[in-house]
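To be precise, the following lines are start31.cif, and they hold mmCIF, C-alpha atoms.
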```cif
data_work
#
loop_
_atom_site.group_PDB
_atom_site.id
_atom_site.type_symbol
_atom_site.label_atom_id
_atom_site.label_comp_id
_atom_site.auth_asym_id
_atom_site.auth_seq_id
_atom_site.Cartn_x
_atom_site.Cartn_y
_atom_site.Cartn_z
ATOM 1 C CA MET A 1 -11.178 27.372 61.531
ATOM 2 C CA ALA A 2 -7.982 25.309 61.637
ATOM 3 C CA HIS A 3 -10.037 22.203 60.968
ATOM 4 C CA LYS A 4 -11.585 23.845 57.891
ATOM 5 C CA ARG A 5 -8.143 24.931 56.622
ATOM 6 C CA GLN A 6 -6.841 21.380 57.175
ATOM 7 C CA ALA A 7 -9.805 19.952 55.205
ATOM 8 C CA LEU A 8 -9.200 22.356 52.310
ATOM 9 C CA GLY A 9 -5.497 21.447 52.303
ATOM 10 C CA ASP A 10 -6.308 17.722 52.263
ATOM 11 C CA GLU A 11 -8.791 18.241 49.423
ATOM 12 C CA ALA A 12 -6.223 20.233 47.430
ATOM 13 C CA ARG A 13 -3.599 17.495 47.927
ATOM 14 C CA ARG A 14 -6.084 14.805 46.803
ATOM 15 C CA LYS A 15 -6.934 16.796 43.687
ATOM 16 C CA GLU A 16 -3.269 17.369 42.970
ATOM 17 C CA GLU A 17 -2.470 13.669 43.437
ATOM 18 C CA THR A 18 -5.409 12.719 41.214
ATOM 19 C CA TRP A 19 -4.200 15.145 38.553
ATOM 20 C CA ILE A 20 -0.624 13.805 38.811
ATOM 21 C CA ARG A 21 -1.802 10.177 38.483
ATOM 22 C CA ALA A 22 -3.993 11.095 35.476
ATOM 23 C CA ARG A 23 -1.079 12.935 33.855
ATOM 24 C CA GLU A 24 1.255 9.972 34.477
ATOM 25 C CA ARG A 25 -1.296 7.642 32.866
ATOM 26 C CA GLU A 26 -1.552 9.985 29.864
ATOM 27 C CA LEU A 27 2.218 10.109 29.479
ATOM 28 C CA LEU A 28 2.525 6.330 29.787
ATOM 29 C CA GLU A 29 -0.224 5.851 27.199
ATOM 30 C CA LYS A 30 1.450 8.337 24.872
ATOM 31 C CA ALA A 31 4.793 6.532 25.261
ATOM 32 C CA ARG A 32 3.113 3.163 24.630
ATOM 33 C CA LYS A 33 1.448 4.478 21.470
ATOM 34 C CA GLU A 34 4.730 5.976 20.288
ATOM 35 C CA GLU A 35 6.468 2.607 20.783
ATOM 36 C CA GLU A 36 3.676 0.866 18.861
ATOM 37 C CA ARG A 37 4.042 3.421 16.079
ATOM 38 C CA LYS A 38 7.816 2.898 15.919
ATOM 39 C CA ALA A 39 7.322 -0.871 15.763
ATOM 40 C CA TRP A 40 4.696 -0.474 13.022
ATOM 41 C CA ARG A 41 7.008 1.808 11.009
ATOM 42 C CA ALA A 42 9.843 -0.703 11.446
ATOM 43 C CA ARG A 43 7.561 -3.447 10.078
ATOM 44 C CA LEU A 44 6.603 -1.211 7.153
ATOM 45 C CA ALA A 45 10.265 -0.434 6.444
ATOM 46 C CA ALA A 46 11.149 -4.130 6.612
ATOM 47 C CA SER A 47 8.307 -5.071 4.281
ATOM 48 C CA VAL A 48 9.564 -2.715 1.552
ATOM 49 C CA GLY A 49 13.273 -2.769 2.302
ATOM 50 C CA VAL A 50 13.376 1.037 2.452
ATOM 51 C CA ALA A 51 13.989 2.969 5.665
ATOM 52 C CA ASP A 52 13.642 6.495 4.266
ATOM 53 C CA PRO A 53 11.059 8.263 6.486
ATOM 54 C CA ALA A 54 9.716 10.352 3.586
ATOM 55 C CA TYR A 55 9.116 7.183 1.542
ATOM 56 C CA LEU A 56 7.387 5.504 4.486
ATOM 57 C CA ASP A 57 5.241 8.625 4.959
ATOM 58 C CA ASP A 58 4.285 8.459 1.286
ATOM 59 C CA LEU A 59 3.291 4.800 1.628
ATOM 60 C CA GLU A 60 1.166 5.607 4.658
ATOM 61 C CA GLU A 61 -0.484 8.588 2.974
ATOM 62 C CA HIS A 62 -1.562 6.277 0.159
ATOM 63 C CA GLY A 63 -2.948 3.697 2.576
ATOM 64 C CA PHE A 64 -0.221 1.074 2.358
ATOM 65 C CA THR A 65 0.524 -1.015 5.417
ATOM 66 C CA PRO A 66 2.988 -3.875 5.960
ATOM 67 C CA GLU A 67 0.117 -6.192 5.002
ATOM 68 C CA THR A 68 -0.847 -4.341 1.811
ATOM 69 C CA VAL A 69 2.640 -3.518 0.453
ATOM 70 C CA PRO A 70 2.542 -6.567 -1.864
ATOM 71 C CA LEU A 71 -0.186 -4.689 -3.752
ATOM 72 C CA LEU A 72 2.512 -2.380 -5.115
ATOM 73 C CA PHE A 73 3.433 -5.224 -7.475
ATOM 74 C CA VAL A 74 -0.093 -5.366 -8.881
ATOM 75 C CA ALA A 75 -0.506 -1.596 -9.299
ATOM 76 C CA PRO A 76 1.032 -1.753 -12.807
ATOM 77 C CA LEU A 77 -1.452 -4.489 -13.711
ATOM 78 C CA PHE A 78 -4.264 -2.122 -12.813
ATOM 79 C CA MET A 79 -2.671 0.647 -14.856
ATOM 80 C CA VAL A 80 -3.011 -1.679 -17.851
ATOM 81 C CA ALA A 81 -6.430 -3.090 -16.953
ATOM 82 C CA TRP A 82 -7.981 0.331 -16.329
ATOM 83 C CA SER A 83 -6.304 1.978 -19.360
ATOM 84 C CA ASP A 84 -9.369 1.387 -21.522
ATOM 85 C CA GLY A 85 -11.804 2.538 -18.835
ATOM 86 C CA GLU A 86 -12.863 -0.767 -17.294
ATOM 87 C CA VAL A 87 -11.553 -4.041 -15.934
ATOM 88 C CA SER A 88 -12.942 -6.963 -17.928
ATOM 89 C CA ASP A 89 -13.868 -10.272 -16.317
ATOM 90 C CA LYS A 90 -10.826 -11.912 -17.915
ATOM 91 C CA GLU A 91 -8.534 -9.153 -16.651
ATOM 92 C CA ARG A 92 -10.089 -9.468 -13.203
ATOM 93 C CA ALA A 93 -9.500 -13.220 -13.183
ATOM 94 C CA LYS A 94 -5.893 -12.750 -14.290
ATOM 95 C CA ILE A 95 -5.215 -10.089 -11.651
ATOM 96 C CA LEU A 96 -6.642 -12.325 -8.924
ATOM 97 C CA GLU A 97 -4.537 -15.228 -10.228
ATOM 98 C CA VAL A 98 -1.395 -13.101 -10.008
ATOM 99 C CA ALA A 99 -2.367 -11.972 -6.499
ATOM 100 C CA LEU A 100 -2.741 -15.582 -5.383
ATOM 101 C CA GLU A 101 0.628 -16.459 -6.930
ATOM 102 C CA ARG A 102 2.196 -13.551 -5.014
ATOM 103 C CA GLY A 103 0.874 -15.115 -1.813
ATOM 104 C CA LEU A 104 -2.037 -12.811 -1.054
ATOM 105 C CA ASP A 105 -4.652 -14.391 1.170
ATOM 106 C CA PRO A 106 -8.240 -13.998 -0.078
ATOM 107 C CA LYS A 107 -9.274 -13.291 3.522
ATOM 108 C CA SER A 108 -6.703 -10.544 4.065
ATOM 109 C CA PRO A 109 -7.115 -6.759 4.083
ATOM 110 C CA ALA A 110 -4.849 -6.642 1.013
ATOM 111 C CA TRP A 111 -7.254 -8.869 -0.898
ATOM 112 C CA ALA A 112 -10.227 -6.721 0.089
ATOM 113 C CA ARG A 113 -8.382 -3.651 -1.136
ATOM 114 C CA LEU A 114 -7.484 -5.445 -4.365
ATOM 115 C CA GLU A 115 -11.124 -6.274 -5.015
ATOM 116 C CA GLY A 116 -12.033 -2.674 -4.278
ATOM 117 C CA TRP A 117 -9.582 -1.549 -6.973
ATOM 118 C CA ILE A 118 -11.261 -3.925 -9.421
ATOM 119 C CA ALA A 119 -14.752 -2.728 -8.580
ATOM 120 C CA ALA A 120 -14.018 0.996 -8.690
ATOM 121 C CA ARG A 121 -10.962 2.797 -9.963
ATOM 122 C CA PRO A 122 -9.267 4.835 -7.227
ATOM 123 C CA GLY A 123 -8.761 8.551 -7.698
ATOM 124 C CA PRO A 124 -6.728 10.046 -10.519
ATOM 125 C CA GLY A 125 -3.090 9.127 -10.477
ATOM 126 C CA PHE A 126 -3.371 6.556 -7.676
ATOM 127 C CA PHE A 127 -1.934 3.637 -9.647
ATOM 128 C CA GLU A 128 0.696 5.797 -11.285
ATOM 129 C CA HIS A 129 1.836 6.997 -7.868
ATOM 130 C CA SER A 130 1.755 3.436 -6.535
ATOM 131 C CA PHE A 131 3.920 2.444 -9.491
ATOM 132 C CA ARG A 132 6.419 5.178 -8.519
ATOM 133 C CA LEU A 133 6.461 3.741 -4.998
ATOM 134 C CA LEU A 134 7.180 0.311 -6.497
ATOM 135 C CA LEU A 135 10.036 1.748 -8.571
ATOM 136 C CA ARG A 136 11.574 3.289 -5.462
ATOM 137 C CA MET A 137 11.287 -0.009 -3.622
ATOM 138 C CA LEU A 138 12.881 -1.914 -6.506
ATOM 139 C CA ASP A 139 15.727 0.613 -6.657
ATOM 140 C CA GLU A 140 16.685 -0.403 -3.122
ATOM 141 C CA SER A 141 17.532 -3.945 -4.252
ATOM 142 C CA PRO A 142 19.363 -3.592 -7.592
ATOM 143 C CA GLU A 143 20.349 -7.274 -7.585
ATOM 144 C CA GLU A 144 16.676 -8.276 -7.711
ATOM 145 C CA LYS A 145 15.337 -5.358 -9.728
ATOM 146 C CA ALA A 146 15.926 -6.794 -13.207
ATOM 147 C CA SER A 147 14.152 -10.098 -12.562
ATOM 148 C CA ARG A 148 11.290 -8.457 -10.665
ATOM 149 C CA ALA A 149 10.918 -5.810 -13.374
ATOM 150 C CA LYS A 150 10.750 -8.456 -16.119
ATOM 151 C CA SER A 151 8.123 -10.330 -14.108
ATOM 152 C CA VAL A 152 6.010 -7.175 -13.689
ATOM 153 C CA VAL A 153 6.183 -6.400 -17.424
ATOM 154 C CA ALA A 154 5.341 -10.013 -18.337
ATOM 155 C CA ARG A 155 2.302 -9.879 -16.039
ATOM 156 C CA CYS A 156 1.249 -6.545 -17.548
ATOM 157 C CA LEU A 157 1.357 -8.148 -21.004
ATOM 158 C CA GLU A 158 -0.770 -11.029 -19.728
ATOM 159 C CA ILE A 159 -3.355 -8.534 -18.481
ATOM 160 C CA ALA A 160 -3.280 -6.647 -21.785
ATOM 161 C CA GLU A 161 -3.799 -9.862 -23.727
ATOM 162 C CA ALA A 162 -6.446 -11.258 -21.380
ATOM 163 C CA SER A 163 -9.492 -9.708 -23.018
ATOM 164 C CA GLY A 164 -8.169 -8.303 -26.277
ATOM 165 C CA GLY A 165 -9.290 -9.090 -29.797
ATOM 166 C CA PHE A 166 -12.753 -9.634 -31.185
ATOM 167 C CA LEU A 167 -13.889 -13.249 -31.573
ATOM 168 C CA GLY A 168 -10.252 -14.266 -31.449
ATOM 169 C CA LEU A 169 -9.342 -11.992 -34.366
ATOM 170 C CA GLY A 170 -7.176 -8.907 -34.468
ATOM 171 C CA SER A 171 -4.703 -7.632 -31.951
ATOM 172 C CA LYS A 172 -5.181 -8.891 -28.435
ATOM 173 C CA VAL A 173 -3.693 -5.701 -27.028
ATOM 174 C CA SER A 174 -5.466 -2.381 -27.431
ATOM 175 C CA SER A 175 -3.455 0.704 -28.317
ATOM 176 C CA GLU A 176 -4.157 2.171 -24.852
ATOM 177 C CA GLU A 177 -2.879 -0.960 -23.169
ATOM 178 C CA LYS A 178 0.190 -1.107 -25.413
ATOM 179 C CA THR A 179 1.064 2.486 -24.549
ATOM 180 C CA VAL A 180 0.793 1.778 -20.827
ATOM 181 C CA VAL A 181 2.792 -1.478 -21.038
ATOM 182 C CA ASP A 182 5.508 0.259 -23.074
ATOM 183 C CA ARG A 183 5.740 3.050 -20.500
ATOM 184 C CA ILE A 184 5.904 0.579 -17.613
ATOM 185 C CA ALA A 185 8.620 -1.415 -19.391
ATOM 186 C CA HIS A 186 10.568 1.764 -20.116
ATOM 187 C CA ASP A 187 10.328 3.022 -16.541
ATOM 188 C CA LEU A 188 11.417 -0.383 -15.240
ATOM 189 C CA GLY A 189 14.299 -0.545 -17.693
ATOM 190 C CA VAL A 190 12.970 -3.626 -19.475
ATOM 191 C CA ALA A 191 13.578 -3.816 -23.233
#
```
Structure re-expressed in structure tokens:
Amino acid sequence: MAHKRQALGDEARRKEETWIRARERELLEKARKEEERKAWRARLAASVGVADPAYLDDLEEHGFTPETVPLLFVAPLFMVAWSDGEVSDKERAKILEVALERGLDPKSPAWARLEGWIAARPGPGFFEHSFRLLLRMLDESPEEKASRAKSVVARCLEIAEASGGFLGLGSKVSSEEKTVVDRIAHDLGVA
């Protein structure tokens, strides 16, 4: 009987030790993932120059990563390009040109997302919200805001003019595009 009790005690200790080791592994894994998450959030904060947790949450909720944050600068271009219901080939070419100039790699996840935005317009309000995220980011660096804002508006005008007019006649900018460009310029504080 004592031998049986000893065997049950040994078995219980082995199970307890196994459970403790498994729990330690779980806790270590959880801590490792939390450290990775903190490092990722720090990279995201550094990429936008904003440390506000609510802002970073908003970026994440809209699918922005440290690698795709540069797309915030092209969101206004899409607001203009999509304002008439479609992105023309000339607008597409201009948007891709701007993306290359901003340093986006055609083999990157950001580029793939950019092409997805050209092919199919994201849900309602996506670009407008992305534009608000851009405004918040620009507000964090007032010394650079004016020049960056002027650049964004200039690029928006280029998009608006890219496929406008009929056979080279008439206004190159549709009324829808003009309205969007004017609103973007106003919100950015560009005359």
May I have a table of the residues of segment 13-77 of chain A lying at most 12 Å from segment 89-95 of chain A, giving each one's closest pair of atoms and their distance in Å to one decimal, counting all atoms listed in the file, ordered by chain and ascending residue number, as CSV?
```
residue,atom,partner,partner_atom,distance
A:Leu71,CA,A:Ile95,CA,10.8
A:Phe73,CA,A:Ile95,CA,10.8
A:Val74,CA,A:Ile95,CA,7.5
A:Ala75,CA,A:Ile95,CA,10.0
A:Pro76,CA,A:Ile95,CA,10.5
A:Leu77,CA,A:Ile95,CA,7.1
```
Can you work out which one of A:Ala99, A:Val80, A:Ile184, A:Glu140 has the shortest atom-to-atom distance to Glu161 of chain A, counting all atoms listed in the file?
A:Val80
Taking all atoms listed in the file into account, name the residue in A:Leu96, A:Ile159, A:Ala120, A:Met79 that is nearest to Arg183 of chain A.
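Nearest candidate to Arg183 of chain A out of A:Leu96, A:Ile159, A:Ala120, A:Met79: A:Met79.
Put simply, atom CA of Trp111 of chain A is 12.7 Å away from atom CA of Thr65 of chain A.
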note - atom CA of Ala185 of chain A and atom CA of Ala154 of chain A are separated by 9.3 Å
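Candidate residues A:Ala22, A:Thr68, A:Phe126, A:Met137 were compared for distance to Asp105 of chain A, and the nearest is A:Thr68, using only C-alpha atoms.
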With the PyMOL selection byres ((chain A and resi 44) around 9) as the selection, what would be picked from this file? Answer as an MDAnalysis selection string, please.
chainID A and resid 39:43 45:51 56 59 64:67 69
With a distance cut-off of 8 Å and all atoms listed in the file, select the neighbouring residues of Asp84 of chain A, excluding the residue or stretch itself and same-chain residues fewer than 3 positions from it, and output the selection as number ranges by chain.
A: 80-81, 176-177
From A:Cys156, A:Leu188, A:Leu28, A:Leu100, residue lying nearest Pro142 of chain A [all atoms listed in the file]:
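Among A:Cys156, A:Leu188, A:Leu28, A:Leu100, it is A:Leu188 that comes nearest to Pro142 of chain A.
Picture a line from atom CA of Arg136 of chain A to atom CA of Ala119 of chain A; it runs 27.2 Å.
Residue nearest Glu97 of chain A within the list A:Lys38, A:Arg25, A:Arg155, A:Arg14: A:Arg155 [criterion: smallest interatomic distance, all atoms listed in the file].
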Using only the atoms of segment 30-39 of chain A listed in the file, plus 6 Å on each side, state the axis-aligned box centre and edge lengths in Å rounded to one decimal, as AutoDock Vina command-line options.
```
--center_x 4.6 --center_y 3.7 --center_z 20.5 --size_x 18.4 --size_y 21.2 --size_z 21.5
```
Please return as a list in words every residue within 12 Å of (5.1, 10.2, 1.1), taking into account all atoms listed in the file and the file's own coordinates.
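Here the neighbourhood of the point contains Asp52, Pro53, Ala54, Tyr55, Leu56, Asp57, Asp58, Leu59, Glu60, Glu61, His62, Gly63, Phe64, His129, Ser130, Arg132, Leu133 and Arg136 of chain A.
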Of A:Lys145, A:Ala12, A:Glu128, A:Pro70, the one nearest to Gly103 of chain A when counting only C-alpha atoms is A:Pro70
